Amino acid sequence: MSTASSSNSSGGGGGAGGGSGNRANDDRKPGQNTEESSHLLEAAENGAKYGSRQAVKIVKTNGTSTSSSLPHDQDQENLLGNMVHTSTENRSRTFWQYVAALAAAGGAFACGTLLGWTSPAQTEIVDNPNYAFPVNDDQFSWVSSAMTLGAACVCIPIGFLINMIGRKWTMLFLVLPFLLGWGLLIWAKNLAMMYSSRFILGIAGGAFCVTAPMYTGEIAQKEIRGTLGSFFQLMITLGILFVYAIGAGLDVFYMSVVCGVLPIIFGVIFFFMPESPTYLVSKNRSESAVQSIQWLRGQQYDYAAELEELHETDRQIRENKVNVLSALNRPVTRKALAISLGLMFFQQVCGINAVIFYSKKIFEDANTGISSGMSTILVGVMQVVATFVSTLVVDKLGRRILLLASGIVMALSTTAIGVYFFLKDQDEASVDSITWLPVASLCVFIIMFSIGYGPVPWLMMGELFATDIKGFAGSIAGTTNWVLAFIVTKTFTNLNESLGAGGTFWLFAGLTVVGVFFVFFSVPETKGKSLNEIQAELAGNRSTDQQIVNKN
């Protein structure tokens, strides 16, 4: 039985029966009031940490009846001191939450190698063929974009698999398509095998992009959920940097072999991580959920209030169980989906994948004198550093401020890049004195993307949706992201030919400005809020928790 429920029973007994209830309170031993109230505040603190409005309300209600039996104000002050002292002893430990989140993000590292592979591989496959068959630029653009198609196709099916076998086993299962995809790519005998390999790898990578943020959002307490959620994008950028670095010293065959080993390492490490407590409660595996919570929070952690919160949420979902279409039609789900899809849309149309996939060409066209290999490594380093900074500040500054700052600066950066290439197309000699402009603008763009629009949309995807629709709705958002990634990647060359490099980057800048207005008017702040509190805010009940706390 949870602390909250047992405390509620005690409080209810004291309040029933009018005068007899007061006499019963008066007959209690003095220390009994202090002990009961301490337990009540413990439940309240845990409830507040995970959004348990029920626990807060219990303390307020019972706190009144308990305090009324104390003879003096000094006794009440001593009681409050004891309550605060008791509550501080139950703070959960966060170390193992960081470990589990980093282990889950190992799949994002493998996904990053898929995104970054095309840049060092293009020269060796197109210009200096390492395979027994020729590949031209147009064919290689399909090799690059086949991954995004695979990712788009898997996002919705993976939502059902997540709810069937769990978050942990879904991610472990994805090691298999990773190995198959890299194997086909390493030993490709024709172009069809190369297309197939990238498509299969996209399936594995896209599935991780849905599963890992969901897992992280469910294992983390709200104070560090933003930081842990940012690990996903951080590991993607580390994966990109990793493949850039090894690509500078290895040919495409051995580079692909190294990348193929990474999913095995992930599988071995993640095997020892716990399943999400939210999933375990949904499958009526309370004992396993307790073990998972204690693994994540520490053996000394009083899990009662958090477990009661999870059970209450699960009971509400079961009592109001609806099919997927009905759940999607709820106003709060429609609002969450609109926000998530909007963030995914603006993440892609700012032009980030075009920058990543064609970073070498951008540096070469700018005539910077920096070698193409070094330029891509430089881009990778900036991404990693900026994303790491984001993990440090996302729970301090909030999601909105990072998105707004990111969007404004990215728009200015792509505008500047567009100006440079427009002037260059008019007269190459006119830009000899400003060759630093596209490089500086590109660096600023990468940094600001990695701080805001890179990690935050994936982080918020795991925060915005109710548990009963999270898998499917998150899959829709992931599918949208990868479809847009395919469109941007595949059409970048065509846009360059029709609009020119300057016009293409101005198009990205204009769309990013629209994204800034979208964030300002539509995206809520989720920093420091429990998943239940976020749902209440989306439903328009901003002050629900505060009203309950102040009720008495």
# chains A, B, ... in the order shown; residues from 1 in each chain; ligands from 1
$ closest_atom_pairs --of "range 212-283 of chain A" --to "range 432-452 of chain A" --cutoff "12 Å" --atoms "only C-alpha atoms" --output "tab-separated table"
residue	atom	partner	partner_atom	distance
A:Thr227	CA	A:Ile451	CA	11.9
A:Ser230	CA	A:Ile451	CA	9.4
A:Phe231	CA	A:Ser450	CA	11.6
A:Phe232	CA	A:Ser450	CA	11.5
A:Gln233	CA	A:Ser450	CA	7.9
A:Leu234	CA	A:Ser450	CA	8.3
A:Met235	CA	A:Ser450	CA	11.4
A:Ile236	CA	A:Ser450	CA	10.4
A:Thr237	CA	A:Ser450	CA	8.4
A:Leu238	CA	A:Ser450	CA	11.5
$ residues_around --residues "Ala509 in chain A" --least-positions-apart "5" --cutoff "9 Å" --atoms "only C-alpha atoms" --output "ChimeraX atom specification"
/A:349-351,410-415,418,504,514
$ write_last_selection --atoms "N, CA and C atoms" --output "short mmCIF file (atom, residue, chain, number, x, y, z; two decimals), in the first residue's frame"
data_model
loop_
_atom_site.label_atom_id
_atom_site.label_comp_id
_atom_site.auth_asym_id
_atom_site.auth_seq_id
_atom_site.Cartn_x
_atom_site.Cartn_y
_atom_site.Cartn_z
N VAL A 349 13.03 22.12 -42.13
CA VAL A 349 13.05 23.11 -43.21
C VAL A 349 13.99 24.27 -42.94
N CYS A 350 14.64 24.28 -41.77
CA CYS A 350 15.71 25.27 -41.56
C CYS A 350 16.94 24.91 -42.39
N GLY A 351 16.98 23.66 -42.93
CA GLY A 351 18.05 23.26 -43.84
C GLY A 351 19.18 22.49 -43.21
N MET A 410 19.64 31.35 -36.37
CA MET A 410 19.75 30.51 -37.57
C MET A 410 19.25 31.25 -38.81
N ALA A 411 18.15 31.99 -38.65
CA ALA A 411 17.61 32.75 -39.78
C ALA A 411 18.62 33.80 -40.26
N LEU A 412 19.25 34.47 -39.31
CA LEU A 412 20.27 35.46 -39.68
C LEU A 412 21.47 34.79 -40.36
N SER A 413 21.84 33.61 -39.88
CA SER A 413 23.00 32.91 -40.44
C SER A 413 22.74 32.46 -41.88
N THR A 414 21.59 31.85 -42.13
CA THR A 414 21.29 31.39 -43.49
C THR A 414 21.08 32.57 -44.44
N THR A 415 20.59 33.69 -43.90
CA THR A 415 20.48 34.90 -44.74
C THR A 415 21.87 35.35 -45.18
N GLY A 418 23.27 33.06 -47.76
CA GLY A 418 22.61 33.34 -49.04
C GLY A 418 23.16 34.58 -49.72
N THR A 504 18.33 29.49 -52.33
CA THR A 504 18.00 28.31 -51.51
C THR A 504 18.16 28.62 -50.03
N VAL A 514 9.32 31.99 -39.88
CA VAL A 514 7.96 31.52 -39.60
C VAL A 514 7.97 30.63 -38.36
#
$ residues_around --residues "Gly150 in chain A" --least-positions-apart "4" --cutoff "6 Å" --atoms "only C-alpha atoms" --output "MDAnalysis selection string"
chainID A and resid 199 202:203
$ write_last_selection --atoms "all heavy atoms" --output "compact mmCIF listing (two decimals), in the first residue's frame"
# COMPACT_ATOMS: atom_id res chain seq x y z
N PHE A 199 18.32 1.78 -46.68
CA PHE A 199 16.91 1.77 -46.29
C PHE A 199 16.74 1.02 -44.97
O PHE A 199 16.03 1.49 -44.06
CB PHE A 199 16.07 1.12 -47.40
CG PHE A 199 14.59 1.14 -47.13
CD1 PHE A 199 13.83 2.26 -47.45
CD2 PHE A 199 13.96 0.05 -46.56
CE1 PHE A 199 12.46 2.28 -47.20
CE2 PHE A 199 12.60 0.06 -46.31
CZ PHE A 199 11.85 1.18 -46.63
N GLY A 202 18.08 2.91 -42.15
CA GLY A 202 17.13 3.97 -41.81
C GLY A 202 16.01 3.47 -40.93
O GLY A 202 15.55 4.18 -40.02
N ILE A 203 15.56 2.23 -41.17
CA ILE A 203 14.53 1.63 -40.31
C ILE A 203 15.02 1.56 -38.87
O ILE A 203 14.30 1.94 -37.94
CB ILE A 203 14.16 0.23 -40.84
CG1 ILE A 203 13.37 0.35 -42.14
CG2 ILE A 203 13.38 -0.56 -39.79
CD1 ILE A 203 13.05 -0.98 -42.79
$ atom_distance --atom1 "CA of Thr148 in chain A" --atom2 "CA of Gln348 in chain A"
11.9 Å
$ select_by_dssp --residues "range 192-401 of chain A" --states "helix (DSSP H, G or I)" --output "ChimeraX atom specification"
/A:192-219,225-247,252-270,277-282,286-297,304-319,324-328,331-349,352-357,359-365,372-397,399-401
$ closest_residue --among "A:Ala501, A:Ser340, A:Val456, A:Val385" --to "Tyr420 in chain A" --atoms "only C-alpha atoms"
A:Ala501
$ residues_around --residues "Tyr279 in chain A" --least-positions-apart "5" --cutoff "8 Å" --atoms "only C-alpha atoms" --output "JSON, numbers by chain"
{"A": [163, 166, 167]}
$ decode --residues "range 498-542 of chain A" --atoms "N, CA and C atoms" --output "tab-separated table (two decimals), in the first residue's frame"
chain	number	residue	atom	x	y	z
A	498	SER	N	17.67	25.56	-59.44
A	498	SER	CA	16.57	26.44	-59.86
A	498	SER	C	16.62	27.82	-59.19
A	499	LEU	N	16.95	27.88	-57.92
A	499	LEU	CA	16.97	29.15	-57.19
A	499	LEU	C	18.37	29.73	-57.03
A	500	GLY	N	19.38	28.89	-57.26
A	500	GLY	CA	20.74	29.30	-56.96
A	500	GLY	C	21.02	29.07	-55.49
A	501	ALA	N	22.30	28.99	-55.12
A	501	ALA	CA	22.65	28.73	-53.73
A	501	ALA	C	22.12	29.83	-52.82
A	502	GLY	N	22.21	31.09	-53.28
A	502	GLY	CA	21.72	32.20	-52.47
A	502	GLY	C	20.23	32.10	-52.21
A	503	GLY	N	19.45	31.87	-53.25
A	503	GLY	CA	18.00	31.77	-53.11
A	503	GLY	C	17.59	30.60	-52.24
A	504	THR	N	18.33	29.49	-52.33
A	504	THR	CA	18.00	28.31	-51.51
A	504	THR	C	18.16	28.62	-50.03
A	505	PHE	N	19.26	29.25	-49.66
A	505	PHE	CA	19.47	29.57	-48.25
A	505	PHE	C	18.52	30.65	-47.77
A	506	TRP	N	18.12	31.56	-48.64
A	506	TRP	CA	17.12	32.55	-48.25
A	506	TRP	C	15.77	31.89	-48.01
A	507	LEU	N	15.46	30.86	-48.78
A	507	LEU	CA	14.23	30.11	-48.55
A	507	LEU	C	14.25	29.47	-47.17
A	508	PHE	N	15.37	28.84	-46.81
A	508	PHE	CA	15.50	28.25	-45.48
A	508	PHE	C	15.35	29.33	-44.40
A	509	ALA	N	15.94	30.50	-44.64
A	509	ALA	CA	15.86	31.59	-43.66
A	509	ALA	C	14.42	32.05	-43.45
A	510	GLY	N	13.66	32.19	-44.54
A	510	GLY	CA	12.28	32.63	-44.43
A	510	GLY	C	11.42	31.64	-43.66
A	511	LEU	N	11.61	30.36	-43.93
A	511	LEU	CA	10.86	29.33	-43.21
A	511	LEU	C	11.22	29.31	-41.73
A	512	THR	N	12.49	29.57	-41.43
A	512	THR	CA	12.91	29.60	-40.02
A	512	THR	C	12.27	30.76	-39.28
A	513	VAL	N	12.12	31.90	-39.94
A	513	VAL	CA	11.44	33.04	-39.32
A	513	VAL	C	9.99	32.68	-38.98
A	514	VAL	N	9.32	31.99	-39.88
A	514	VAL	CA	7.96	31.52	-39.60
A	514	VAL	C	7.97	30.63	-38.36
A	515	GLY	N	9.00	29.78	-38.25
A	515	GLY	CA	9.12	28.90	-37.10
A	515	GLY	C	9.26	29.66	-35.79
A	516	VAL	N	9.95	30.79	-35.81
A	516	VAL	CA	10.09	31.62	-34.61
A	516	VAL	C	8.72	32.09	-34.12
A	517	PHE	N	7.88	32.56	-35.03
A	517	PHE	CA	6.53	33.00	-34.66
A	517	PHE	C	5.70	31.82	-34.15
A	518	PHE	N	5.88	30.66	-34.75
A	518	PHE	CA	5.15	29.46	-34.31
A	518	PHE	C	5.50	29.14	-32.86
A	519	VAL	N	6.78	29.14	-32.53
A	519	VAL	CA	7.22	28.84	-31.17
A	519	VAL	C	6.68	29.89	-30.19
A	520	PHE	N	6.77	31.15	-30.56
A	520	PHE	CA	6.36	32.23	-29.66
A	520	PHE	C	4.88	32.14	-29.30
A	521	PHE	N	4.04	31.82	-30.27
A	521	PHE	CA	2.60	31.85	-30.04
A	521	PHE	C	2.00	30.49	-29.68
A	522	SER	N	2.69	29.38	-29.97
A	522	SER	CA	2.04	28.08	-29.85
A	522	SER	C	2.70	27.08	-28.91
A	523	VAL	N	3.99	27.21	-28.66
A	523	VAL	CA	4.71	26.17	-27.91
A	523	VAL	C	4.74	26.52	-26.42
A	524	PRO	N	4.24	25.63	-25.55
A	524	PRO	CA	4.25	25.90	-24.10
A	524	PRO	C	5.62	25.58	-23.50
A	525	GLU	N	5.87	26.13	-22.32
A	525	GLU	CA	7.10	25.80	-21.59
A	525	GLU	C	6.84	24.54	-20.75
A	526	THR	N	7.68	23.53	-20.87
A	526	THR	CA	7.52	22.29	-20.12
A	526	THR	C	8.60	22.11	-19.06
A	527	LYS	N	9.48	23.07	-18.92
A	527	LYS	CA	10.57	22.98	-17.94
A	527	LYS	C	10.02	22.81	-16.53
A	528	GLY	N	10.53	21.81	-15.80
A	528	GLY	CA	10.18	21.64	-14.40
A	528	GLY	C	8.75	21.17	-14.15
A	529	LYS	N	8.06	20.67	-15.16
A	529	LYS	CA	6.68	20.22	-15.00
A	529	LYS	C	6.60	18.72	-15.18
A	530	SER	N	5.75	18.10	-14.36
A	530	SER	CA	5.54	16.66	-14.53
A	530	SER	C	4.73	16.42	-15.80
A	531	LEU	N	4.72	15.17	-16.24
A	531	LEU	CA	3.99	14.83	-17.46
A	531	LEU	C	2.49	15.11	-17.29
A	532	ASN	N	1.97	14.87	-16.07
A	532	ASN	CA	0.56	15.17	-15.81
A	532	ASN	C	0.29	16.67	-15.84
A	533	GLU	N	1.19	17.46	-15.31
A	533	GLU	CA	1.03	18.91	-15.32
A	533	GLU	C	1.04	19.46	-16.74
A	534	ILE	N	1.88	18.87	-17.60
A	534	ILE	CA	1.92	19.30	-19.00
A	534	ILE	C	0.59	19.03	-19.69
A	535	GLN	N	0.02	17.84	-19.42
A	535	GLN	CA	-1.29	17.52	-20.00
A	535	GLN	C	-2.36	18.50	-19.51
A	536	ALA	N	-2.29	18.85	-18.23
A	536	ALA	CA	-3.27	19.80	-17.69
A	536	ALA	C	-3.14	21.17	-18.35
A	537	GLU	N	-1.90	21.60	-18.58
A	537	GLU	CA	-1.69	22.90	-19.22
A	537	GLU	C	-2.18	22.89	-20.66
A	538	LEU	N	-1.91	21.81	-21.38
A	538	LEU	CA	-2.40	21.71	-22.76
A	538	LEU	C	-3.92	21.75	-22.81
A	539	ALA	N	-4.55	21.22	-21.74
A	539	ALA	CA	-6.01	21.24	-21.67
A	539	ALA	C	-6.55	22.59	-21.21
A	540	GLY	N	-5.64	23.52	-20.86
A	540	GLY	CA	-6.06	24.85	-20.44
A	540	GLY	C	-6.19	25.04	-18.95
A	541	ASN	N	-5.71	24.04	-18.15
A	541	ASN	CA	-5.81	24.12	-16.70
A	541	ASN	C	-4.46	24.45	-16.10
A	542	ARG	N	-3.98	25.67	-16.33
A	542	ARG	CA	-2.63	26.05	-15.90
A	542	ARG	C	-2.48	26.05	-14.38
